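Structure first, commentary second.
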Amino acid sequence: MLPDDLLERFRARAAGLDREGTFPHDDLAELRERGYLRAFVPPEQGGAGWGLERVAAAQSRLAAAAPATALAVGMHLVWTGCAAVLAARGDRSLDLVLDDAARGEVFAFGVSEPGNDAVLFDSLTRAEPTGDGGWRFTGVKSSTSLSPVWTRLGVFGRDDTDPEAPVLVHGFVHRDQPGHSSLEDWDTIGMRATQSHSTRLEGVEVPAERVVRVLPVGPSGDPLVFAIFAVFETLVAAVYRGVARRAVELAVESATAGRSHRAGGAPRSHDPLVRWRVADAAVLLQGIEPQVDAVARDVDGLVDHGAAWSAIVVGLKTRVTETARAVVDQAVAVAGGASFRSSSELGRLQRDVLAGRFHPSSTDSAHATVANWLLGPDH
């Protein structure tokens, strides 16, 4: 589904998309034509029927060529992956996602909010019941990847109708309905082509048939919450694993192409310091390679890690994104000043890899999650 010639086209486009800050429409069209957006959709519905491990492997391969394309498309794959993970566990509440994806709809993630560090456990978006089983949502969702093209937006908000028992409502907005707008505010230093503009919700209605969960405010063991965390964190990690892979390739290219004046014109690949840096980057990459595969394989295999699941998936995302930054740093040290040019692919990776720290869960949040698992709550 991702042959070499396709990925080379994506890589060739990536520099211009980053420079102009434009969405990879051509990449998306080719991925759609190949059925990539239906990777999680069952074969009987026209999809590939892949599991999380296989999709994560594909996402790493795609990210090595075009990180922003992989990250943007990954948000669609998160929703379809959640639906597949739930279905494998006998929960059909997200079948509407698989049905729509089979028909070519594109899903975006409207979860993150400015100032909300509680992520899925609370919301600053207001959800008001319409009286017929639906809800009306008002608020701002940040980092809405796929903003120019989504046709379905997963959102959630807080309903305080009963102040003693507030609830969080999850549902899906259709693009062709009123009550939402893009703020066109994605002007970042990295992952520019994702076009992850903030989305303003202005009383947009989600009818009862598109409401998929009503949960109490606070941490939850609901299968939907598990699925979102497991799939989101794993696929984000897969993207940055791909970035790290490409950084190692570029470090090797730089080391083997140049010569050292200091060493009398000998190849730079003979320089002990260059060799150490390239090897260190590779060692770091080797450490995260199997971790992504192992976590995804356990999700596919319905392995029950119980309360440890949250710590496992947030730890994975944190390790991979932080390690990818270290790998890119070593590659930059090997390449030298050439990587500081705006035309440098490695220069673009320097900026793209920085985005890893801003995806939920943040490093601080991940450590809090692991501490709660090991030590219990702090109050």
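Ligands are numbered from 1 in the order shown, residues from 1 within each chain, and chains are lettered A, B, ... in the order they appear in the structure tokens.
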- Message: Give me the residues near Arg9 (chain A) as a PyMOL selection string, where near means some atom within 9 Å (using only C-alpha atoms) and where sequence neighbours in that chain fewer than 4 positions away do not count.
- Response: chain A and resi 4-5+13-14+27+65
- Message: Excluding region 49-56 of chain A and its own-chain neighbours fewer than 6 positions away, which residues fall within 6 Å of it when counting only C-alpha atoms? Please give them as a list in words.
- Response: Ala39, Phe40, Val41, Pro42, Pro43, Leu235, Ala238, Asp293, Ala296 and Arg297 of chain A
Got a sec to tell me which of region 216-259 of chain A DSSP assigns to alpha helix (DSSP H), as an mmCIF file with N, CA, C and O atoms, in the first residue's frame?
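Final file, states.cif:
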```cif
data_model
loop_
_atom_site.group_PDB
_atom_site.id
_atom_site.type_symbol
_atom_site.label_atom_id
_atom_site.label_comp_id
_atom_site.auth_asym_id
_atom_site.auth_seq_id
_atom_site.Cartn_x
_atom_site.Cartn_y
_atom_site.Cartn_z
ATOM 1 N N PRO A 223 -14.292 1.509 28.056
ATOM 2 C CA PRO A 223 -13.546 1.010 26.899
ATOM 3 C C PRO A 223 -13.229 2.079 25.862
ATOM 4 O O PRO A 223 -12.179 1.999 25.197
ATOM 5 N N LEU A 224 -14.092 3.084 25.675
ATOM 6 C CA LEU A 224 -13.794 4.140 24.710
ATOM 7 C C LEU A 224 -12.559 4.924 25.133
ATOM 8 O O LEU A 224 -11.699 5.234 24.310
ATOM 9 N N VAL A 225 -12.460 5.249 26.410
ATOM 10 C CA VAL A 225 -11.301 5.988 26.909
ATOM 11 C C VAL A 225 -10.033 5.160 26.712
ATOM 12 O O VAL A 225 -8.996 5.667 26.262
ATOM 13 N N PHE A 226 -10.115 3.864 27.027
ATOM 14 C CA PHE A 226 -8.964 2.985 26.786
ATOM 15 C C PHE A 226 -8.580 2.993 25.310
ATOM 16 O O PHE A 226 -7.401 3.128 24.958
ATOM 17 N N ALA A 227 -9.567 2.849 24.433
ATOM 18 C CA ALA A 227 -9.276 2.759 23.004
ATOM 19 C C ALA A 227 -8.629 4.036 22.489
ATOM 20 O O ALA A 227 -7.660 3.987 21.714
ATOM 21 N N ILE A 228 -9.146 5.192 22.905
ATOM 22 C CA ILE A 228 -8.571 6.461 22.436
ATOM 23 C C ILE A 228 -7.121 6.575 22.881
ATOM 24 O O ILE A 228 -6.228 6.876 22.080
ATOM 25 N N PHE A 229 -6.854 6.339 24.161
ATOM 26 C CA PHE A 229 -5.487 6.448 24.649
ATOM 27 C C PHE A 229 -4.569 5.440 23.966
ATOM 28 O O PHE A 229 -3.461 5.779 23.519
ATOM 29 N N ALA A 230 -4.997 4.189 23.878
ATOM 30 C CA ALA A 230 -4.142 3.141 23.327
ATOM 31 C C ALA A 230 -3.799 3.406 21.870
ATOM 32 O O ALA A 230 -2.634 3.297 21.451
ATOM 33 N N VAL A 231 -4.791 3.758 21.061
ATOM 34 C CA VAL A 231 -4.561 3.947 19.637
ATOM 35 C C VAL A 231 -3.848 5.267 19.369
ATOM 36 O O VAL A 231 -2.887 5.333 18.587
ATOM 37 N N PHE A 232 -4.300 6.342 20.021
ATOM 38 C CA PHE A 232 -3.678 7.649 19.804
ATOM 39 C C PHE A 232 -2.201 7.624 20.179
ATOM 40 O O PHE A 232 -1.339 8.024 19.385
ATOM 41 N N GLU A 233 -1.888 7.173 21.389
ATOM 42 C CA GLU A 233 -0.498 7.203 21.843
ATOM 43 C C GLU A 233 0.389 6.304 20.986
ATOM 44 O O GLU A 233 1.531 6.653 20.674
ATOM 45 N N THR A 234 -0.127 5.147 20.583
ATOM 46 C CA THR A 234 0.673 4.228 19.778
ATOM 47 C C THR A 234 0.934 4.780 18.386
ATOM 48 O O THR A 234 2.065 4.709 17.876
ATOM 49 N N LEU A 235 -0.084 5.354 17.752
ATOM 50 C CA LEU A 235 0.107 5.869 16.396
ATOM 51 C C LEU A 235 0.925 7.152 16.387
ATOM 52 O O LEU A 235 1.681 7.406 15.434
ATOM 53 N N VAL A 236 0.813 7.987 17.417
ATOM 54 C CA VAL A 236 1.705 9.153 17.522
ATOM 55 C C VAL A 236 3.148 8.677 17.673
ATOM 56 O O VAL A 236 4.067 9.187 17.015
ATOM 57 N N ALA A 237 3.359 7.698 18.530
ATOM 58 C CA ALA A 237 4.709 7.145 18.692
ATOM 59 C C ALA A 237 5.238 6.598 17.369
ATOM 60 O O ALA A 237 6.421 6.773 17.043
ATOM 61 N N ALA A 238 4.380 5.956 16.608
ATOM 62 C CA ALA A 238 4.806 5.385 15.326
ATOM 63 C C ALA A 238 5.304 6.461 14.372
ATOM 64 O O ALA A 238 6.278 6.261 13.635
ATOM 65 N N VAL A 239 4.649 7.627 14.362
ATOM 66 C CA VAL A 239 5.076 8.723 13.498
ATOM 67 C C VAL A 239 6.490 9.173 13.861
ATOM 68 O O VAL A 239 7.361 9.326 12.994
ATOM 69 N N TYR A 240 6.753 9.348 15.141
ATOM 70 C CA TYR A 240 8.064 9.852 15.548
ATOM 71 C C TYR A 240 9.144 8.776 15.453
ATOM 72 O O TYR A 240 10.326 9.097 15.293
ATOM 73 N N ARG A 241 8.751 7.514 15.515
ATOM 74 C CA ARG A 241 9.705 6.454 15.195
ATOM 75 C C ARG A 241 10.145 6.590 13.741
ATOM 76 O O ARG A 241 11.336 6.428 13.421
ATOM 77 N N GLY A 242 9.201 6.901 12.847
ATOM 78 C CA GLY A 242 9.550 7.097 11.445
ATOM 79 C C GLY A 242 10.483 8.282 11.249
ATOM 80 O O GLY A 242 11.421 8.232 10.433
ATOM 81 N N VAL A 243 10.250 9.372 11.993
ATOM 82 C CA VAL A 243 11.136 10.543 11.917
ATOM 83 C C VAL A 243 12.549 10.148 12.352
ATOM 84 O O VAL A 243 13.547 10.525 11.717
ATOM 85 N N ALA A 244 12.647 9.377 13.439
ATOM 86 C CA ALA A 244 13.961 8.951 13.927
ATOM 87 C C ALA A 244 14.658 8.055 12.909
ATOM 88 O O ALA A 244 15.878 8.172 12.698
ATOM 89 N N ARG A 245 13.926 7.173 12.274
ATOM 90 C CA ARG A 245 14.524 6.319 11.239
ATOM 91 C C ARG A 245 15.147 7.163 10.119
ATOM 92 O O ARG A 245 16.269 6.906 9.675
ATOM 93 N N ARG A 246 14.398 8.145 9.674
ATOM 94 C CA ARG A 246 14.901 8.974 8.577
ATOM 95 C C ARG A 246 16.112 9.787 9.027
ATOM 96 O O ARG A 246 17.056 9.977 8.243
ATOM 97 N N ALA A 247 16.126 10.252 10.256
ATOM 98 C CA ALA A 247 17.275 11.008 10.762
ATOM 99 C C ALA A 247 18.532 10.153 10.746
ATOM 100 O O ALA A 247 19.621 10.642 10.399
ATOM 101 N N VAL A 248 18.418 8.881 11.119
ATOM 102 C CA VAL A 248 19.576 7.987 11.070
ATOM 103 C C VAL A 248 20.050 7.815 9.628
ATOM 104 O O VAL A 248 21.259 7.851 9.342
ATOM 105 N N GLU A 249 19.114 7.629 8.709
ATOM 106 C CA GLU A 249 19.489 7.503 7.291
ATOM 107 C C GLU A 249 20.252 8.741 6.811
ATOM 108 O O GLU A 249 21.266 8.633 6.106
ATOM 109 N N LEU A 250 19.772 9.917 7.194
ATOM 110 C CA LEU A 250 20.418 11.152 6.760
ATOM 111 C C LEU A 250 21.772 11.338 7.432
ATOM 112 O O LEU A 250 22.705 11.886 6.815
ATOM 113 N N ALA A 251 21.922 10.888 8.667
ATOM 114 C CA ALA A 251 23.221 10.941 9.334
ATOM 115 C C ALA A 251 24.234 10.058 8.613
ATOM 116 O O ALA A 251 25.400 10.453 8.410
ATOM 117 N N VAL A 252 23.793 8.875 8.213
ATOM 118 C CA VAL A 252 24.677 7.967 7.474
ATOM 119 C C VAL A 252 25.072 8.587 6.133
ATOM 120 O O VAL A 252 26.238 8.547 5.729
ATOM 121 N N GLU A 253 24.090 9.158 5.439
ATOM 122 C CA GLU A 253 24.381 9.796 4.155
ATOM 123 C C GLU A 253 25.418 10.912 4.318
ATOM 124 O O GLU A 253 26.352 11.039 3.524
ATOM 125 N N SER A 254 25.245 11.720 5.335
ATOM 126 C CA SER A 254 26.162 12.826 5.565
ATOM 127 C C SER A 254 27.562 12.325 5.889
ATOM 128 O O SER A 254 28.566 12.847 5.377
ATOM 129 N N ALA A 255 27.635 11.297 6.708
ATOM 130 C CA ALA A 255 28.940 10.773 7.123
ATOM 131 C C ALA A 255 29.688 10.115 5.978
ATOM 132 O O ALA A 255 30.920 10.177 5.912
ATOM 133 N N THR A 256 28.971 9.483 5.081
ATOM 134 C CA THR A 256 29.627 8.746 3.999
ATOM 135 C C THR A 256 29.862 9.584 2.754
ATOM 136 O O THR A 256 30.639 9.196 1.876
ATOM 137 N N ALA A 257 29.226 10.753 2.675
ATOM 138 C CA ALA A 257 29.369 11.582 1.475
ATOM 139 C C ALA A 257 30.492 12.597 1.602
ATOM 140 O O ALA A 257 31.038 13.053 0.599
#
```
- Non-local contacts of region 33-36 of chain A (8 Å; only C-alpha atoms; under 6 positions in same chain excluded) as a list in words: Met1, Gly47 and Ala48 of chain A
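Excluding Leu37 (chain A) and any residue on its chain fewer than 2 positions from it, the residues at most 8 Å away by only C-alpha atoms are Leu31, Arg32, Gly35, Ala39, Phe40, Val73, His76, Leu77, Ala101, Gly104 and Val106 of chain A.
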- Mind the document's chain letters and residue numbers, and return as a PyMOL selection string the residues of region 89-178 of chain A that DSSP labels strand (DSSP E). chain A and resi 107-110+126-129+135-141+152-159+167-174
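Minimum atom-to-atom distances from A:Gly203, A:Gly301, A:Gly21, A:Gly315 to Thr130 (chain A) were compared using only C-alpha atoms, and the lowest value belongs to A:Gly203.
Proximity to Asn372 (chain A) at 12 Å, evaluated using only C-alpha atoms and with sequence-adjacent residues fewer than 6 positions away removed, yields Pro219, Ala307, Ala308, Ser310, Ala311, Ser365, Ala366, Asp378 and His379 of chain A.
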Mind dumping the selected residues with N, CA and C atoms as a CSV table (one decimal), in the first residue's frame?
```csv
chain,number,residue,atom,x,y,z
A,219,PRO,N,-11.3,10.5,35.7
A,219,PRO,CA,-10.7,9.3,35.2
A,219,PRO,C,-11.8,8.2,35.0
A,307,ALA,N,-4.9,-2.1,35.1
A,307,ALA,CA,-4.6,-0.6,35.5
A,307,ALA,C,-3.3,-0.2,34.9
A,308,ALA,N,-2.4,-1.1,34.5
A,308,ALA,CA,-1.1,-0.7,33.9
A,308,ALA,C,-1.2,-0.1,32.5
A,310,SER,N,-2.7,2.4,31.1
A,310,SER,CA,-2.5,3.9,31.0
A,310,SER,C,-1.0,4.2,31.1
A,311,ALA,N,-0.3,3.6,32.1
A,311,ALA,CA,1.1,3.9,32.2
A,311,ALA,C,1.9,3.4,31.0
A,365,SER,N,2.5,15.1,32.3
A,365,SER,CA,1.3,14.3,32.5
A,365,SER,C,1.6,12.8,32.5
A,366,ALA,N,2.5,12.4,31.6
A,366,ALA,CA,2.8,10.9,31.6
A,366,ALA,C,3.4,10.5,32.9
A,378,ASP,N,-2.1,11.4,44.7
A,378,ASP,CA,-1.3,12.2,45.7
A,378,ASP,C,-2.2,12.9,46.7
A,379,HIS,N,-3.4,12.5,46.8
A,379,HIS,CA,-4.3,13.2,47.8
A,379,HIS,C,-5.4,12.2,48.2
```
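Computed from the coordinates, the CA of Ser145 (chain A) to CA of Ala118 (chain A) distance equals 20.0 Å.
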- Message: Env of Val111 (chain A): 12 Å cut, atoms = only C-alpha atoms, seq-sep filter 4 positions within chain, self excluded. Answer as a PyMOL selection string.
- Response: chain A and resi 75+79+116-125+139-145+153-158+168-172+198-201+225+228-229+232+359-360
Would you save the residues of that selection, restricted to N, CA, C and O atoms, as a compact mmCIF listing (two decimals), in the first residue's frame?
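For reference, again03.txt as written:
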```txt
# COMPACT_ATOMS: atom_id res chain seq x y z
N MET A 75 -4.68 11.00 12.50
CA MET A 75 -5.85 11.34 13.31
C MET A 75 -7.10 10.61 12.80
O MET A 75 -7.95 10.17 13.59
N TRP A 79 -9.37 7.41 14.98
CA TRP A 79 -10.80 7.14 15.16
C TRP A 79 -11.20 5.78 14.59
O TRP A 79 -11.93 5.02 15.23
N ASN A 116 -6.76 23.06 28.73
CA ASN A 116 -7.32 21.86 29.37
C ASN A 116 -6.24 20.79 29.49
O ASN A 116 -5.99 20.05 28.53
N ASP A 117 -5.61 20.70 30.66
CA ASP A 117 -4.58 19.68 30.86
C ASP A 117 -5.17 18.38 31.44
O ASP A 117 -4.43 17.45 31.74
N ALA A 118 -6.49 18.34 31.57
CA ALA A 118 -7.14 17.10 32.03
C ALA A 118 -7.42 16.16 30.88
O ALA A 118 -7.84 15.02 31.08
N VAL A 119 -7.21 16.63 29.65
CA VAL A 119 -7.38 15.86 28.41
C VAL A 119 -8.78 15.24 28.35
O VAL A 119 -9.76 15.96 28.31
N LEU A 120 -8.90 13.91 28.44
CA LEU A 120 -10.19 13.24 28.28
C LEU A 120 -11.02 13.21 29.56
O LEU A 120 -12.17 12.76 29.54
N PHE A 121 -10.45 13.67 30.67
CA PHE A 121 -11.14 13.50 31.95
C PHE A 121 -11.97 14.71 32.34
O PHE A 121 -12.66 14.70 33.37
N ASP A 122 -11.91 15.77 31.57
CA ASP A 122 -12.75 16.93 31.78
C ASP A 122 -12.73 17.75 30.49
O ASP A 122 -11.90 17.49 29.60
N SER A 123 -13.61 18.71 30.37
CA SER A 123 -13.67 19.51 29.16
C SER A 123 -14.07 20.94 29.47
O SER A 123 -14.87 21.20 30.39
N LEU A 124 -13.51 21.87 28.71
CA LEU A 124 -13.89 23.27 28.80
C LEU A 124 -14.99 23.62 27.80
O LEU A 124 -15.52 24.73 27.82
N THR A 125 -15.31 22.67 26.92
CA THR A 125 -16.40 22.86 25.97
C THR A 125 -17.73 22.57 26.67
O THR A 125 -17.86 21.58 27.41
N GLY A 139 -17.55 25.75 22.25
CA GLY A 139 -16.20 25.83 22.78
C GLY A 139 -15.19 25.88 21.65
O GLY A 139 -15.55 26.02 20.47
N VAL A 140 -13.92 25.77 21.99
CA VAL A 140 -12.84 25.79 21.00
C VAL A 140 -12.00 24.52 21.15
O VAL A 140 -11.59 24.16 22.27
N LYS A 141 -11.75 23.86 20.03
CA LYS A 141 -10.89 22.69 19.99
C LYS A 141 -9.61 23.06 19.25
O LYS A 141 -9.65 23.59 18.13
N SER A 142 -8.48 22.81 19.89
CA SER A 142 -7.20 23.16 19.28
C SER A 142 -6.60 21.97 18.53
O SER A 142 -7.01 20.82 18.74
N SER A 143 -5.65 22.28 17.67
CA SER A 143 -4.87 21.24 16.96
C SER A 143 -5.78 20.24 16.25
O SER A 143 -5.63 19.03 16.40
N THR A 144 -6.71 20.76 15.46
CA THR A 144 -7.60 19.89 14.70
C THR A 144 -6.94 19.54 13.38
O THR A 144 -7.14 20.20 12.35
N SER A 145 -6.11 18.51 13.39
CA SER A 145 -5.45 18.06 12.16
C SER A 145 -6.50 17.67 11.13
O SER A 145 -7.61 17.26 11.48
N LEU A 153 -16.08 15.07 12.58
CA LEU A 153 -15.24 15.57 13.66
C LEU A 153 -15.71 14.99 14.98
O LEU A 153 -16.84 15.24 15.42
N GLY A 154 -14.85 14.20 15.61
CA GLY A 154 -15.16 13.68 16.93
C GLY A 154 -14.95 14.74 17.99
O GLY A 154 -13.86 15.32 18.07
N VAL A 155 -15.97 15.04 18.78
CA VAL A 155 -15.88 16.09 19.79
C VAL A 155 -16.38 15.56 21.13
O VAL A 155 -17.07 14.54 21.19
N PHE A 156 -16.03 16.28 22.20
CA PHE A 156 -16.67 16.00 23.48
C PHE A 156 -16.75 17.29 24.28
O PHE A 156 -16.04 18.26 24.02
N GLY A 157 -17.68 17.31 25.23
CA GLY A 157 -17.89 18.49 26.06
C GLY A 157 -18.53 18.11 27.37
O GLY A 157 -18.96 16.96 27.57
N ARG A 158 -18.62 19.09 28.25
CA ARG A 158 -19.12 18.85 29.61
C ARG A 158 -20.54 19.40 29.78
O ARG A 158 -20.82 20.55 29.45
N LEU A 168 -19.51 13.98 30.74
CA LEU A 168 -18.79 14.27 29.51
C LEU A 168 -19.47 13.54 28.37
O LEU A 168 -19.70 12.32 28.45
N VAL A 169 -19.80 14.27 27.33
CA VAL A 169 -20.57 13.73 26.21
C VAL A 169 -19.68 13.67 24.96
O VAL A 169 -19.06 14.66 24.58
N HIS A 170 -19.61 12.50 24.35
CA HIS A 170 -18.80 12.29 23.15
C HIS A 170 -19.71 12.03 21.95
O HIS A 170 -20.65 11.23 22.03
N GLY A 171 -19.42 12.69 20.83
CA GLY A 171 -20.20 12.47 19.62
C GLY A 171 -19.49 12.99 18.40
O GLY A 171 -18.34 13.45 18.47
N PHE A 172 -20.17 12.93 17.26
CA PHE A 172 -19.54 13.27 15.98
C PHE A 172 -20.34 14.35 15.24
O PHE A 172 -21.55 14.23 15.06
N SER A 198 -7.34 25.51 14.87
CA SER A 198 -8.35 25.41 15.92
C SER A 198 -9.74 25.45 15.30
O SER A 198 -9.95 26.07 14.25
N THR A 199 -10.68 24.80 15.96
CA THR A 199 -12.06 24.74 15.49
C THR A 199 -12.97 25.35 16.55
O THR A 199 -12.94 24.93 17.71
N ARG A 200 -13.77 26.32 16.15
CA ARG A 200 -14.74 26.92 17.08
C ARG A 200 -16.09 26.21 16.91
O ARG A 200 -16.62 26.11 15.80
N LEU A 201 -16.62 25.75 18.01
CA LEU A 201 -17.95 25.14 18.03
C LEU A 201 -18.91 26.17 18.60
O LEU A 201 -18.70 26.67 19.71
N VAL A 225 -12.46 5.25 26.41
CA VAL A 225 -11.30 5.99 26.91
C VAL A 225 -10.03 5.16 26.71
O VAL A 225 -9.00 5.67 26.26
N ILE A 228 -9.15 5.19 22.90
CA ILE A 228 -8.57 6.46 22.44
C ILE A 228 -7.12 6.58 22.88
O ILE A 228 -6.23 6.88 22.08
N PHE A 229 -6.85 6.34 24.16
CA PHE A 229 -5.49 6.45 24.65
C PHE A 229 -4.57 5.44 23.97
O PHE A 229 -3.46 5.78 23.52
N PHE A 232 -4.30 6.34 20.02
CA PHE A 232 -3.68 7.65 19.80
C PHE A 232 -2.20 7.62 20.18
O PHE A 232 -1.34 8.02 19.38
N HIS A 359 1.93 16.72 21.94
CA HIS A 359 0.80 15.80 21.85
C HIS A 359 0.47 15.24 23.23
O HIS A 359 1.38 14.92 23.99
N PRO A 360 -0.80 15.10 23.54
CA PRO A 360 -1.13 14.42 24.80
C PRO A 360 -0.63 12.96 24.73
O PRO A 360 -0.68 12.36 23.65
```
- Any idea what the distance is between CA of Ser344 (chain A) and CA of Glu20 (chain A)?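 Here the two named atoms are 15.0 Å from each other.
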- Message: Taking only C-alpha atoms into account, name the residue in A:Phe107, A:Phe137, A:Trp150, A:Phe10 that is nearest to Gln195 (chain A).
- Response: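 Comparing A:Phe107, A:Phe137, A:Trp150, A:Phe10 against Gln195 (chain A), the winner is A:Trp150.
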- Residues near region 267-284 of chain A, cut-off 6 Å, only C-alpha atoms, skip fewer than 6 positions along chain, as a PyMOL selection string: chain A and resi 255-256+258-260+327+330+334
Quick one: write out the picked residues with N, CA, C and O atoms as a tab-separated table (two decimals), in the first residue's frame?
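Output contents, as saved in again.tsv:
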```tsv
chain	number	residue	atom	x	y	z
A	255	ALA	N	27.63	11.30	6.71
A	255	ALA	CA	28.94	10.77	7.12
A	255	ALA	C	29.69	10.11	5.98
A	255	ALA	O	30.92	10.18	5.91
A	256	THR	N	28.97	9.48	5.08
A	256	THR	CA	29.63	8.75	4.00
A	256	THR	C	29.86	9.58	2.75
A	256	THR	O	30.64	9.20	1.88
A	258	GLY	N	30.83	12.98	2.81
A	258	GLY	CA	31.79	14.07	3.00
A	258	GLY	C	33.19	13.58	3.33
A	258	GLY	O	33.42	12.41	3.66
A	259	ARG	N	34.14	14.52	3.26
A	259	ARG	CA	35.54	14.24	3.61
A	259	ARG	C	36.01	15.27	4.62
A	259	ARG	O	35.52	16.39	4.67
A	260	SER	N	36.95	14.87	5.42
A	260	SER	CA	37.46	15.71	6.50
A	260	SER	C	38.78	16.36	6.10
A	260	SER	O	39.76	15.67	5.82
A	327	VAL	N	17.71	11.45	18.74
A	327	VAL	CA	18.25	10.89	17.50
A	327	VAL	C	18.48	12.00	16.47
A	327	VAL	O	19.54	12.07	15.82
A	330	GLN	N	21.54	14.10	17.27
A	330	GLN	CA	22.80	13.47	16.87
A	330	GLN	C	23.00	13.55	15.37
A	330	GLN	O	24.12	13.79	14.89
A	334	VAL	N	26.11	15.41	13.26
A	334	VAL	CA	26.89	14.78	12.19
A	334	VAL	C	26.87	15.64	10.93
A	334	VAL	O	27.90	15.86	10.29
```
